[in-house]
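> Have a look at this one before I ask anything.
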Amino acid sequence: MTQKGHYGIYGGQYVAETLMPALTELEAAYIKCKNDPAFQKEFNEYLIDYVGRASPLYHAKRLSDRCGGAAIYLKREDLNHTGAHKVNNTLGQALLAKFMGKKRLIAETGAGMHGVATATVAALFGFECEVFMGSEDIRRQAPNVQRMLTLGAKVTPVDSGSATLKDAMNEALRNWISTVENTFYVIGTVAGPHPYPEMVRDFQSVIGKEAREQILEKTGRLPDEVIACVGGGSNAMGIFAGFIEDKAVKLIGVEAGGQGIDTAYHAASINAGRVGVLHGSKSYLLQDKHGQVNQTHSVSAGLDYPGVGPEHSYLNDIGRAEYTVINDKEAIEAFDLLSRLEGIIPALESSHAIAEAMRRAPSMSKDKIIIVNLSGRGDKDMQSVLEFKQQMAAEVK
Amino acid sequence: MNRIAQTFKKCADEKRKALVIFVSAGNPDLATTEKLIVQAAEAGADIVELGVPFSDPMADGPVIQEASMRALQSGTTLVDIIAMSARIRKVSAIPMVLFSYYNVILSYGVEKAAADCQAAGIDAWLTVDVPFEESAEIVPHLSKHGLFLIPLVAPTTPEARARQIVKNAQGFVYYITVAGVTGARKQLSVNLEERLNELRKFSPVPVVAGFGISSPEMAAKTAACADGIVVGSALVKIMNEATSPASGISKSLELIRGLAAALKK
């Protein structure tokens with residue numbers, strides 16, 4: 001970070017004045033807890049006993065053999081309680097909310113994984129919980145809606161705009177402006193105003209820390225490449241954090257190419273956007289020439305977002321990380337292949353990272369190592385995959 | 001003396017409080033907005049806030065969200081809003097405040113936007129999502145072109161922070177009367193008078209209060225402890241629900257006259 005809350009020109013706190021005191025309070029509480037051994041001890045105990053950490057680092061031999069090049073390792077965040085990396089962060093933020101004496105948690109969700117992870121920790125610690133979710137996402141991620149309701153959360157549909165993640169975040173921010181005294185806003189990604197990008201990265205950095213130790217233990221060396229999908233970018237920042245000082249390790253973020261970045265139907269903010277301000281921070285943003293935010297598309301609800309975490313924009317500009325694009329079709333192919341070859345059904349979000357590994361591995365020699373962050377499991381995506389395939393079949397006819 | 005200071009002085013001389021109106025520019029189209037502003041100035045509005053439509057109005061309630069969508073659907077852009085302001089300036093001396101989310105201005109280019117606003121006779125900016133901490137990237141451009149940045153103070157703003165925010169304020173200070181999004185409300189918040197009195201004590205410029213004021217009665221009550229009041233959503237709602245632009249304008253003017261009368265007492 002170059003100056004408080006900023007990553008180069010990115011980041012900052014672009015929010016309504018009503019929220020500024022809450023962000024200041026949050027920042028102070030976070031700094032206190034970050035440096036408090038008792039808080040860190042409690043957080044770690046929950047990560048071990050409740051989330052089930054450490055998550056394994058698995059050598060996907062059949063996938064590696066099929067690609068015929070580099071050895072591919074999967075960081076199994078899909079095996080966490082609730083089925084994705086999201087819970088690392090919601091657990092941290094819920095403990096912080098408890099410390100701050102807040103009574104209610106709110107969250108935005110796209111694919112529903114962050115909503116489920118927030119509803120989960122709300123149940124665990126006895127918070128009231130309301131999750132804002134685009135009505136389009138409610139339709140395509142129905143199983144996760146049922147999970148949130150089962151956990152006792154209220155799920156509020158959002159119909160405005162494209163009725164997806166961006167609109168859910170608008171509505172969560174509006175709700176927070178009105179309820180800021182007693183409510184803690186659990187943001188699910190490394191976006192939003194400072195201190196969220198930093199705080200969420202820190203809570204997710206356990207992924208990279210473990211992965212680094214695990215690969216050293218298994219192979220005696222660091223990986224050549226670390227690959228993760230990027231919507232807002234929390235699973236990517238989490239795994240990158242472990243390797244950022246290891247300059248020889250290539251960091252690769254994979255954006256959602258949808259139907260292709262030469263069409264209007266994608267969500268590749270860094271590859272196809274320009275600098276803008278949305279949801280509290282400055283970063284690459286998909287927008288029209290008048291500064292109106294574009295509607296995005298991805299087969300994966302969790303990547304269907306026009307912005308990206310500010311630290312990713314910074315890592316891109318300084319060349320520390322590289323950001324590539326995988327389109328819907330390639331992600332679905334990777335989803336199928338990993339399921340058939342390894343018996344692991346990946347989330348559609350993570351399938352983008354798998355697809356990128358499949359693209360890169362064949363041209364790398366067998367002694368090279370790739371770690372892919374398998375950020376979540378794909379049970380929630382059956383409906384989306386089925387719909388996508390039916391659509392493809394219809395187009396072929 | 002600048003147009004905003006002149007306006008507050010005139011109000012003080014006439015022993016009344018200032019009426020600030022918010023219009024959603026381009027709702028339903030800019031031709032209507034232009035007529036509305038010119039006639040509103042004649043009907044008793046003292047200052048106008050030109051609401052620039054944005055795709056993601058995070059601080060706004062359903063009424064202004066709807067208006068923004070309508071404005072965007074009619075193709076409203078910042079370029080057109082600035083051009084409209086220039087036309088209004090030729091026929092009216094009403095102070096104009098460009099009220100916008102930052103991304104639209106950032107996309108236009110902050111320096112160019114400031115220069116073009118000055119040329120069009122716009123007096124100030126109010127950028128909803130640029131708090132004090134981030135304002136340094138705007139203020140030099142505004143100062144260069146003689147424009148003010150209107151600061152916001154919220155019910156959640158602690159006193160020490162409020163002092164810092166208004167310390168170098170120019171034009172006026174906007175006090176948000178309720179912790180929430182924009183939108184008409186049935187009643188005012190409880191400690192409003194206390195907060196406004198405190199703020200007026202240390203603000204170097206007039207303090208206006210807004211958010212949720214929907215009737216002449218509420219306007220009069222709020223104005224008792226402020227230098228002026230802002231009415232936004234109540235006016236925008238009239239335009240949203242109007243059966244035609246002409247009836248929207250005439251109903252808006254009716255409310256403006258009622259509000260202006262209430263502020264004279």
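Chain identifiers are assigned as A, B, and so on, following the order in which chains appear in the structure tokens; residues are numbered from 1 within each chain, and ligands are numbered from 1 in order of appearance.
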Which residues are close to B:Gln39, i.e. within 10 Å by only C-alpha atoms, leaving aside same-chain residues fewer than 6 positions away? Reply as an MDAnalysis selection string.

chainID B and resid 33 45 92 249:250 252:253

> For all heavy atoms, I'd like the residues from the last selection saved as a PDB file, in the first residue's frame.


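Done, and the output landed in result.pdb:
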ATOM      1  N   THR B  33     -36.483  19.748 -17.985  1.00  0.00           N
ATOM      2  CA  THR B  33     -35.682  20.212 -16.850  1.00  0.00           C
ATOM      3  C   THR B  33     -35.340  21.697 -16.998  1.00  0.00           C
ATOM      4  O   THR B  33     -35.417  22.466 -16.043  1.00  0.00           O
ATOM      5  CB  THR B  33     -34.384  19.379 -16.750  1.00  0.00           C
ATOM      6  OG1 THR B  33     -34.733  18.002 -16.661  1.00  0.00           O
ATOM      7  CG2 THR B  33     -33.565  19.766 -15.528  1.00  0.00           C
ATOM      8  N   ALA B  45     -37.707  29.535  -6.060  1.00  0.00           N
ATOM      9  CA  ALA B  45     -36.521  28.728  -5.723  1.00  0.00           C
ATOM     10  C   ALA B  45     -35.299  29.644  -5.755  1.00  0.00           C
ATOM     11  O   ALA B  45     -35.158  30.457  -6.667  1.00  0.00           O
ATOM     12  CB  ALA B  45     -36.352  27.591  -6.719  1.00  0.00           C
ATOM     13  N   SER B  92     -31.241  33.448 -16.447  1.00  0.00           N
ATOM     14  CA  SER B  92     -31.505  33.427 -15.009  1.00  0.00           C
ATOM     15  C   SER B  92     -30.212  33.548 -14.208  1.00  0.00           C
ATOM     16  O   SER B  92     -29.173  33.026 -14.611  1.00  0.00           O
ATOM     17  CB  SER B  92     -32.217  32.126 -14.624  1.00  0.00           C
ATOM     18  OG  SER B  92     -32.342  32.032 -13.227  1.00  0.00           O
ATOM     19  N   ILE B 249     -44.350  19.996 -14.558  1.00  0.00           N
ATOM     20  CA  ILE B 249     -43.803  21.324 -14.273  1.00  0.00           C
ATOM     21  C   ILE B 249     -44.801  22.134 -13.445  1.00  0.00           C
ATOM     22  O   ILE B 249     -44.438  22.721 -12.419  1.00  0.00           O
ATOM     23  CB  ILE B 249     -43.446  22.079 -15.583  1.00  0.00           C
ATOM     24  CG1 ILE B 249     -42.233  21.403 -16.251  1.00  0.00           C
ATOM     25  CG2 ILE B 249     -43.135  23.554 -15.298  1.00  0.00           C
ATOM     26  CD1 ILE B 249     -41.863  21.978 -17.603  1.00  0.00           C
ATOM     27  N   SER B 250     -46.071  22.136 -13.845  1.00  0.00           N
ATOM     28  CA  SER B 250     -47.026  23.000 -13.130  1.00  0.00           C
ATOM     29  C   SER B 250     -47.252  22.509 -11.698  1.00  0.00           C
ATOM     30  O   SER B 250     -47.351  23.309 -10.769  1.00  0.00           O
ATOM     31  CB  SER B 250     -48.328  23.166 -13.914  1.00  0.00           C
ATOM     32  OG  SER B 250     -49.127  22.031 -13.762  1.00  0.00           O
ATOM     33  N   SER B 252     -44.990  20.891  -9.924  1.00  0.00           N
ATOM     34  CA  SER B 252     -43.748  21.201  -9.209  1.00  0.00           C
ATOM     35  C   SER B 252     -43.749  22.661  -8.762  1.00  0.00           C
ATOM     36  O   SER B 252     -43.376  22.982  -7.631  1.00  0.00           O
ATOM     37  CB  SER B 252     -42.528  20.969 -10.110  1.00  0.00           C
ATOM     38  OG  SER B 252     -42.444  19.614 -10.484  1.00  0.00           O
ATOM     39  N   LEU B 253     -44.181  23.540  -9.673  1.00  0.00           N
ATOM     40  CA  LEU B 253     -44.194  24.974  -9.357  1.00  0.00           C
ATOM     41  C   LEU B 253     -45.143  25.268  -8.200  1.00  0.00           C
ATOM     42  O   LEU B 253     -44.865  26.124  -7.349  1.00  0.00           O
ATOM     43  CB  LEU B 253     -44.576  25.793 -10.595  1.00  0.00           C
ATOM     44  CG  LEU B 253     -43.561  25.721 -11.749  1.00  0.00           C
ATOM     45  CD1 LEU B 253     -44.084  26.452 -12.984  1.00  0.00           C
ATOM     46  CD2 LEU B 253     -42.204  26.297 -11.328  1.00  0.00           C
TER      47      LEU B 253
END

> I'd like the contact shell of A:Ala264 - 12 Å cut-off, only C-alpha atoms, skipping same-chain residues fewer than 6 positions apart - returned as a PyMOL selection string.

chain A and resi 257-258+272-273+286-288+294-298+306

> With N, CA, C and O atoms kept, could you save the residues just selected as a PDB file, in the first residue's frame?


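After the write, result_11.pdb holds the following:
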ATOM      1  N   GLY A 257     -14.534 -13.837 -19.132  1.00  0.00           N
ATOM      2  CA  GLY A 257     -14.650 -13.338 -20.502  1.00  0.00           C
ATOM      3  C   GLY A 257     -16.044 -13.469 -21.087  1.00  0.00           C
ATOM      4  O   GLY A 257     -16.299 -12.994 -22.193  1.00  0.00           O
ATOM      5  N   GLY A 258     -16.949 -14.127 -20.359  1.00  0.00           N
ATOM      6  CA  GLY A 258     -18.331 -14.265 -20.836  1.00  0.00           C
ATOM      7  C   GLY A 258     -18.377 -14.797 -22.248  1.00  0.00           C
ATOM      8  O   GLY A 258     -17.832 -15.855 -22.554  1.00  0.00           O
ATOM      9  N   ALA A 272     -10.665  -5.010 -19.964  1.00  0.00           N
ATOM     10  CA  ALA A 272     -11.491  -4.230 -20.896  1.00  0.00           C
ATOM     11  C   ALA A 272     -12.077  -2.958 -20.288  1.00  0.00           C
ATOM     12  O   ALA A 272     -12.842  -2.261 -20.938  1.00  0.00           O
ATOM     13  N   GLY A 273     -11.718  -2.649 -19.041  1.00  0.00           N
ATOM     14  CA  GLY A 273     -12.301  -1.465 -18.411  1.00  0.00           C
ATOM     15  C   GLY A 273     -11.332  -0.305 -18.376  1.00  0.00           C
ATOM     16  O   GLY A 273     -10.218  -0.393 -18.881  1.00  0.00           O
ATOM     17  N   LEU A 286     -15.836  -1.422 -15.633  1.00  0.00           N
ATOM     18  CA  LEU A 286     -16.480  -1.527 -16.944  1.00  0.00           C
ATOM     19  C   LEU A 286     -17.557  -0.454 -17.023  1.00  0.00           C
ATOM     20  O   LEU A 286     -18.522  -0.474 -16.264  1.00  0.00           O
ATOM     21  N   GLN A 287     -17.365   0.493 -17.909  1.00  0.00           N
ATOM     22  CA  GLN A 287     -18.267   1.635 -17.991  1.00  0.00           C
ATOM     23  C   GLN A 287     -18.350   2.128 -19.423  1.00  0.00           C
ATOM     24  O   GLN A 287     -17.474   1.844 -20.232  1.00  0.00           O
ATOM     25  N   ASP A 288     -19.403   2.890 -19.713  1.00  0.00           N
ATOM     26  CA  ASP A 288     -19.514   3.450 -21.059  1.00  0.00           C
ATOM     27  C   ASP A 288     -18.734   4.761 -21.126  1.00  0.00           C
ATOM     28  O   ASP A 288     -18.117   5.175 -20.142  1.00  0.00           O
ATOM     29  N   ASN A 294     -21.402  -0.321 -16.864  1.00  0.00           N
ATOM     30  CA  ASN A 294     -21.980  -1.301 -17.787  1.00  0.00           C
ATOM     31  C   ASN A 294     -22.607  -2.468 -17.051  1.00  0.00           C
ATOM     32  O   ASN A 294     -22.159  -2.854 -15.975  1.00  0.00           O
ATOM     33  N   GLN A 295     -23.612  -3.056 -17.680  1.00  0.00           N
ATOM     34  CA  GLN A 295     -24.112  -4.331 -17.192  1.00  0.00           C
ATOM     35  C   GLN A 295     -23.124  -5.377 -17.687  1.00  0.00           C
ATOM     36  O   GLN A 295     -22.561  -5.246 -18.766  1.00  0.00           O
ATOM     37  N   THR A 296     -22.904  -6.385 -16.849  1.00  0.00           N
ATOM     38  CA  THR A 296     -21.886  -7.374 -17.189  1.00  0.00           C
ATOM     39  C   THR A 296     -22.536  -8.723 -17.422  1.00  0.00           C
ATOM     40  O   THR A 296     -23.716  -8.919 -17.136  1.00  0.00           O
ATOM     41  N   HIS A 297     -21.735  -9.633 -17.936  1.00  0.00           N
ATOM     42  CA  HIS A 297     -22.233 -10.995 -18.095  1.00  0.00           C
ATOM     43  C   HIS A 297     -21.138 -12.005 -17.805  1.00  0.00           C
ATOM     44  O   HIS A 297     -20.007 -11.866 -18.254  1.00  0.00           O
ATOM     45  N   SER A 298     -21.503 -13.028 -17.057  1.00  0.00           N
ATOM     46  CA  SER A 298     -20.674 -14.216 -16.948  1.00  0.00           C
ATOM     47  C   SER A 298     -21.599 -15.370 -16.588  1.00  0.00           C
ATOM     48  O   SER A 298     -22.589 -15.173 -15.886  1.00  0.00           O
ATOM     49  N   PRO A 306     -18.878  -5.549 -12.442  1.00  0.00           N
ATOM     50  CA  PRO A 306     -18.161  -4.629 -13.342  1.00  0.00           C
ATOM     51  C   PRO A 306     -16.859  -4.067 -12.769  1.00  0.00           C
ATOM     52  O   PRO A 306     -16.069  -3.487 -13.497  1.00  0.00           O
TER      53      PRO A 306
END

> For stretch 255-258 of chain B, work out the shell of residues within 10 Å, counting only C-alpha atoms and skipping chain neighbours fewer than 2 positions away, then give it as a list in words.

Leu19, Val20, Ile21, Ala40, Ala41, Glu42, Ala43, Gly44, Ala45, Ser214, Ser215, Pro216, Glu217, Ala219, Val231, Ala234, Leu235, Ile238, Ser250, Lys251, Ser252, Leu253, Ala260, Ala261, Ala262 and Leu263 of chain B

> Within 9 Å of chain A, which residues of chain B come that close, and what is the closest atom pair and distance in Å for each? Count only C-alpha atoms and give it as JSON lines.


{"residue": "B:Pro53", "atom": "CA", "partner": "A:Gln292", "partner_atom": "CA", "distance": 8.8}
{"residue": "B:Phe54", "atom": "CA", "partner": "A:Gln292", "partner_atom": "CA", "distance": 6.1}
{"residue": "B:Ser55", "atom": "CA", "partner": "A:Gln292", "partner_atom": "CA", "distance": 5.4}
{"residue": "B:Asp56", "atom": "CA", "partner": "A:Asn170", "partner_atom": "CA", "distance": 6.8}
{"residue": "B:Pro57", "atom": "CA", "partner": "A:Asn170", "partner_atom": "CA", "distance": 7.5}
{"residue": "B:Met58", "atom": "CA", "partner": "A:Asn170", "partner_atom": "CA", "distance": 5.1}
{"residue": "B:Ala59", "atom": "CA", "partner": "A:Arg174", "partner_atom": "CA", "distance": 5.9}
{"residue": "B:Asp60", "atom": "CA", "partner": "A:Arg174", "partner_atom": "CA", "distance": 7.3}
{"residue": "B:Gly61", "atom": "CA", "partner": "A:Arg174", "partner_atom": "CA", "distance": 7.7}
{"residue": "B:Gln65", "atom": "CA", "partner": "A:Ser160", "partner_atom": "CA", "distance": 8.8}
{"residue": "B:Met69", "atom": "CA", "partner": "A:Gly161", "partner_atom": "CA", "distance": 8.8}
{"residue": "B:Leu72", "atom": "CA", "partner": "A:Gln292", "partner_atom": "CA", "distance": 8.9}
{"residue": "B:Thr77", "atom": "CA", "partner": "A:His290", "partner_atom": "CA", "distance": 6.6}
{"residue": "B:Leu78", "atom": "CA", "partner": "A:His290", "partner_atom": "CA", "distance": 7.5}
{"residue": "B:Val79", "atom": "CA", "partner": "A:His290", "partner_atom": "CA", "distance": 8.8}
{"residue": "B:Tyr101", "atom": "CA", "partner": "A:Val277", "partner_atom": "CA", "distance": 9.0}
{"residue": "B:Tyr102", "atom": "CA", "partner": "A:Val277", "partner_atom": "CA", "distance": 6.9}
{"residue": "B:Asn103", "atom": "CA", "partner": "A:Val277", "partner_atom": "CA", "distance": 5.2}
{"residue": "B:Val104", "atom": "CA", "partner": "A:Gly291", "partner_atom": "CA", "distance": 4.5}
{"residue": "B:Ile105", "atom": "CA", "partner": "A:Gly291", "partner_atom": "CA", "distance": 7.6}
{"residue": "B:Leu106", "atom": "CA", "partner": "A:Gly276", "partner_atom": "CA", "distance": 6.9}
{"residue": "B:Ser107", "atom": "CA", "partner": "A:Gly291", "partner_atom": "CA", "distance": 5.0}
{"residue": "B:Tyr108", "atom": "CA", "partner": "A:His290", "partner_atom": "CA", "distance": 6.8}
{"residue": "B:Thr127", "atom": "CA", "partner": "A:Ala16", "partner_atom": "CA", "distance": 8.9}
{"residue": "B:Val128", "atom": "CA", "partner": "A:Ala16", "partner_atom": "CA", "distance": 5.7}
{"residue": "B:Asp129", "atom": "CA", "partner": "A:Val15", "partner_atom": "CA", "distance": 4.3}
{"residue": "B:Val130", "atom": "CA", "partner": "A:Tyr14", "partner_atom": "CA", "distance": 5.1}
{"residue": "B:Pro131", "atom": "CA", "partner": "A:Glu17", "partner_atom": "CA", "distance": 5.7}
{"residue": "B:Phe132", "atom": "CA", "partner": "A:Glu17", "partner_atom": "CA", "distance": 8.2}
{"residue": "B:Glu133", "atom": "CA", "partner": "A:Gln13", "partner_atom": "CA", "distance": 7.5}
{"residue": "B:Glu134", "atom": "CA", "partner": "A:Gln13", "partner_atom": "CA", "distance": 7.0}
{"residue": "B:Leu152", "atom": "CA", "partner": "A:Glu17", "partner_atom": "CA", "distance": 6.5}
{"residue": "B:Val153", "atom": "CA", "partner": "A:Glu17", "partner_atom": "CA", "distance": 6.5}
{"residue": "B:Ala154", "atom": "CA", "partner": "A:Thr18", "partner_atom": "CA", "distance": 5.1}
{"residue": "B:Pro155", "atom": "CA", "partner": "A:Thr18", "partner_atom": "CA", "distance": 7.0}
{"residue": "B:Thr156", "atom": "CA", "partner": "A:Thr18", "partner_atom": "CA", "distance": 5.7}
{"residue": "B:Thr157", "atom": "CA", "partner": "A:Pro21", "partner_atom": "CA", "distance": 6.1}
{"residue": "B:Pro158", "atom": "CA", "partner": "A:Pro21", "partner_atom": "CA", "distance": 7.5}
{"residue": "B:Arg161", "atom": "CA", "partner": "A:Pro21", "partner_atom": "CA", "distance": 8.7}
{"residue": "B:Ile176", "atom": "CA", "partner": "A:Thr18", "partner_atom": "CA", "distance": 8.3}
{"residue": "B:Val178", "atom": "CA", "partner": "A:Ser178", "partner_atom": "CA", "distance": 8.3}
{"residue": "B:Ala179", "atom": "CA", "partner": "A:Ser178", "partner_atom": "CA", "distance": 5.3}
{"residue": "B:Gly180", "atom": "CA", "partner": "A:Ser178", "partner_atom": "CA", "distance": 3.9}
{"residue": "B:Val181", "atom": "CA", "partner": "A:Arg174", "partner_atom": "CA", "distance": 6.1}

> Expressed in Å to a single decimal, how great is the separation between atom CA of A:Ser350 and atom CA of A:Tyr73?

13.4 Å

> Mind the document's chain letters and residue numbers, and return as a ChimeraX atom specification the residues of stretch 17-182 of chain B that DSSP labels helix (DSSP H, G or I).

/B:30-43,62-73,78-91,102-108,110-120,132-137,139-144,159-166

> Contacts of A:Ala123 at 8 Å or less, counting only C-alpha atoms, minus same-chain residues fewer than 3 places along, as a PyMOL selection string?

chain A and resi 119-120+126-127+151-152

> Set the distance at 8 Å and use only C-alpha atoms: which residues neighbour A:Ala54 once local chain neighbours fewer than 3 positions away are removed? I'd like the list as a list in words.

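Within the cut-off, the hits are Leu47, Ile48 and Glu210 of chain A.
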
> Just want the 8 Å neighbourhood of stretch 316-331 of chain A, counted on only C-alpha atoms, with same-chain residues fewer than 4 positions away dropped. Output as a ChimeraX atom specification.

/A:244,247,250-260,266,268,270-271,298-300,312,335,348,351-352,354-356

> Create the file for the chosen residues now, containing N, CA and C atoms and written as a tab-separated table (two decimals), in the first residue's frame.


chain	number	residue	atom	x	y	z
A	244	ILE	N	3.48	-13.01	-2.73
A	244	ILE	CA	3.74	-11.70	-3.34
A	244	ILE	C	5.20	-11.28	-3.22
A	247	LYS	N	9.32	-13.07	-5.81
A	247	LYS	CA	9.20	-12.42	-7.12
A	247	LYS	C	9.23	-13.39	-8.30
A	250	LYS	N	5.02	-16.43	-10.59
A	250	LYS	CA	4.08	-15.66	-11.41
A	250	LYS	C	2.69	-15.71	-10.78
A	251	LEU	N	2.05	-14.57	-10.68
A	251	LEU	CA	0.69	-14.52	-10.15
A	251	LEU	C	-0.26	-14.22	-11.31
A	252	ILE	N	-1.25	-15.06	-11.47
A	252	ILE	CA	-2.15	-14.89	-12.61
A	252	ILE	C	-3.61	-14.84	-12.15
A	253	GLY	N	-4.26	-13.74	-12.42
A	253	GLY	CA	-5.69	-13.58	-12.11
A	253	GLY	C	-6.48	-13.82	-13.39
A	254	VAL	N	-7.60	-14.50	-13.26
A	254	VAL	CA	-8.39	-14.85	-14.43
A	254	VAL	C	-9.75	-14.16	-14.37
A	255	GLU	N	-10.01	-13.29	-15.34
A	255	GLU	CA	-11.28	-12.59	-15.38
A	255	GLU	C	-12.29	-13.33	-16.24
A	256	ALA	N	-13.56	-13.01	-16.02
A	256	ALA	CA	-14.63	-13.68	-16.73
A	256	ALA	C	-14.82	-13.06	-18.11
A	257	GLY	N	-14.53	-13.84	-19.13
A	257	GLY	CA	-14.65	-13.34	-20.50
A	257	GLY	C	-16.04	-13.47	-21.09
A	258	GLY	N	-16.95	-14.13	-20.36
A	258	GLY	CA	-18.33	-14.26	-20.84
A	258	GLY	C	-18.38	-14.80	-22.25
A	259	GLN	N	-19.00	-14.03	-23.14
A	259	GLN	CA	-19.09	-14.45	-24.54
A	259	GLN	C	-17.93	-13.89	-25.36
A	260	GLY	N	-16.95	-13.30	-24.67
A	260	GLY	CA	-15.77	-12.75	-25.35
A	260	GLY	C	-15.65	-11.26	-25.05
A	266	HIS	N	-19.43	-9.62	-21.00
A	266	HIS	CA	-18.32	-10.17	-20.24
A	266	HIS	C	-18.21	-9.39	-18.93
A	268	ALA	N	-14.77	-8.58	-17.64
A	268	ALA	CA	-13.31	-8.49	-17.54
A	268	ALA	C	-12.88	-7.04	-17.28
A	270	ILE	N	-10.31	-5.51	-15.66
A	270	ILE	CA	-8.94	-5.05	-15.88
A	270	ILE	C	-8.59	-5.11	-17.36
A	271	ASN	N	-9.03	-6.17	-18.03
A	271	ASN	CA	-8.70	-6.33	-19.44
A	271	ASN	C	-9.47	-5.40	-20.37
A	298	SER	N	-21.50	-13.03	-17.06
A	298	SER	CA	-20.67	-14.22	-16.95
A	298	SER	C	-21.60	-15.37	-16.59
A	299	VAL	N	-21.26	-16.54	-17.07
A	299	VAL	CA	-22.03	-17.73	-16.71
A	299	VAL	C	-21.92	-17.96	-15.19
A	300	SER	N	-20.87	-17.40	-14.62
A	300	SER	CA	-20.63	-17.56	-13.20
A	300	SER	C	-21.09	-16.31	-12.45
A	312	HIS	N	-5.78	-5.36	-7.01
A	312	HIS	CA	-5.54	-6.06	-8.29
A	312	HIS	C	-5.18	-5.07	-9.39
A	335	PHE	N	-14.92	-27.16	-16.12
A	335	PHE	CA	-15.84	-27.67	-15.11
A	335	PHE	C	-16.09	-29.17	-15.35
A	348	LEU	N	-18.25	-22.69	-10.80
A	348	LEU	CA	-18.01	-22.10	-12.12
A	348	LEU	C	-16.98	-20.98	-12.04
A	351	SER	N	-13.73	-22.63	-11.99
A	351	SER	CA	-13.51	-23.30	-13.28
A	351	SER	C	-12.75	-22.39	-14.24
A	352	HIS	N	-12.91	-21.08	-14.07
A	352	HIS	CA	-12.14	-20.14	-14.90
A	352	HIS	C	-10.63	-20.29	-14.63
A	354	ILE	N	-9.19	-23.02	-13.40
A	354	ILE	CA	-8.80	-24.35	-13.91
A	354	ILE	C	-8.54	-24.26	-15.41
A	355	ALA	N	-9.43	-23.57	-16.12
A	355	ALA	CA	-9.30	-23.45	-17.58
A	355	ALA	C	-7.98	-22.76	-17.94
A	356	GLU	N	-7.62	-21.74	-17.16
A	356	GLU	CA	-6.37	-21.02	-17.43
A	356	GLU	C	-5.16	-21.95	-17.21

> Which one of B:Ile47, B:Ala18, B:Lys9, B:Glu137 sits closest to A:Ile9 if you count only C-alpha atoms?

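So, comparing all the options, the nearest one is B:Glu137.
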
> Could you list, as a ChimeraX atom specification, every residue within 7 Å of A:Gly242, counting only C-alpha atoms and ignoring same-chain residues fewer than 6 positions away?

/A:205,208-209,212

> So the first atom is atom CA of A:Thr183 and the second is atom CA of A:Met199; what is the distance between them in Å, to one decimal place?

17.6 Å

> Run DSSP on the backbone and tell me which residues of stretch 155-193 of chain B come out as strand (DSSP E or B); list them as a ChimeraX atom specification.

/B:173-176

> Go ahead and compute the interatomic distance for atom CA of B:Ala115 and atom CA of B:Arg89, in Å to one decimal.

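Taking atom CA of B:Ala115 and atom CA of B:Arg89, their separation equals 15.5 Å.
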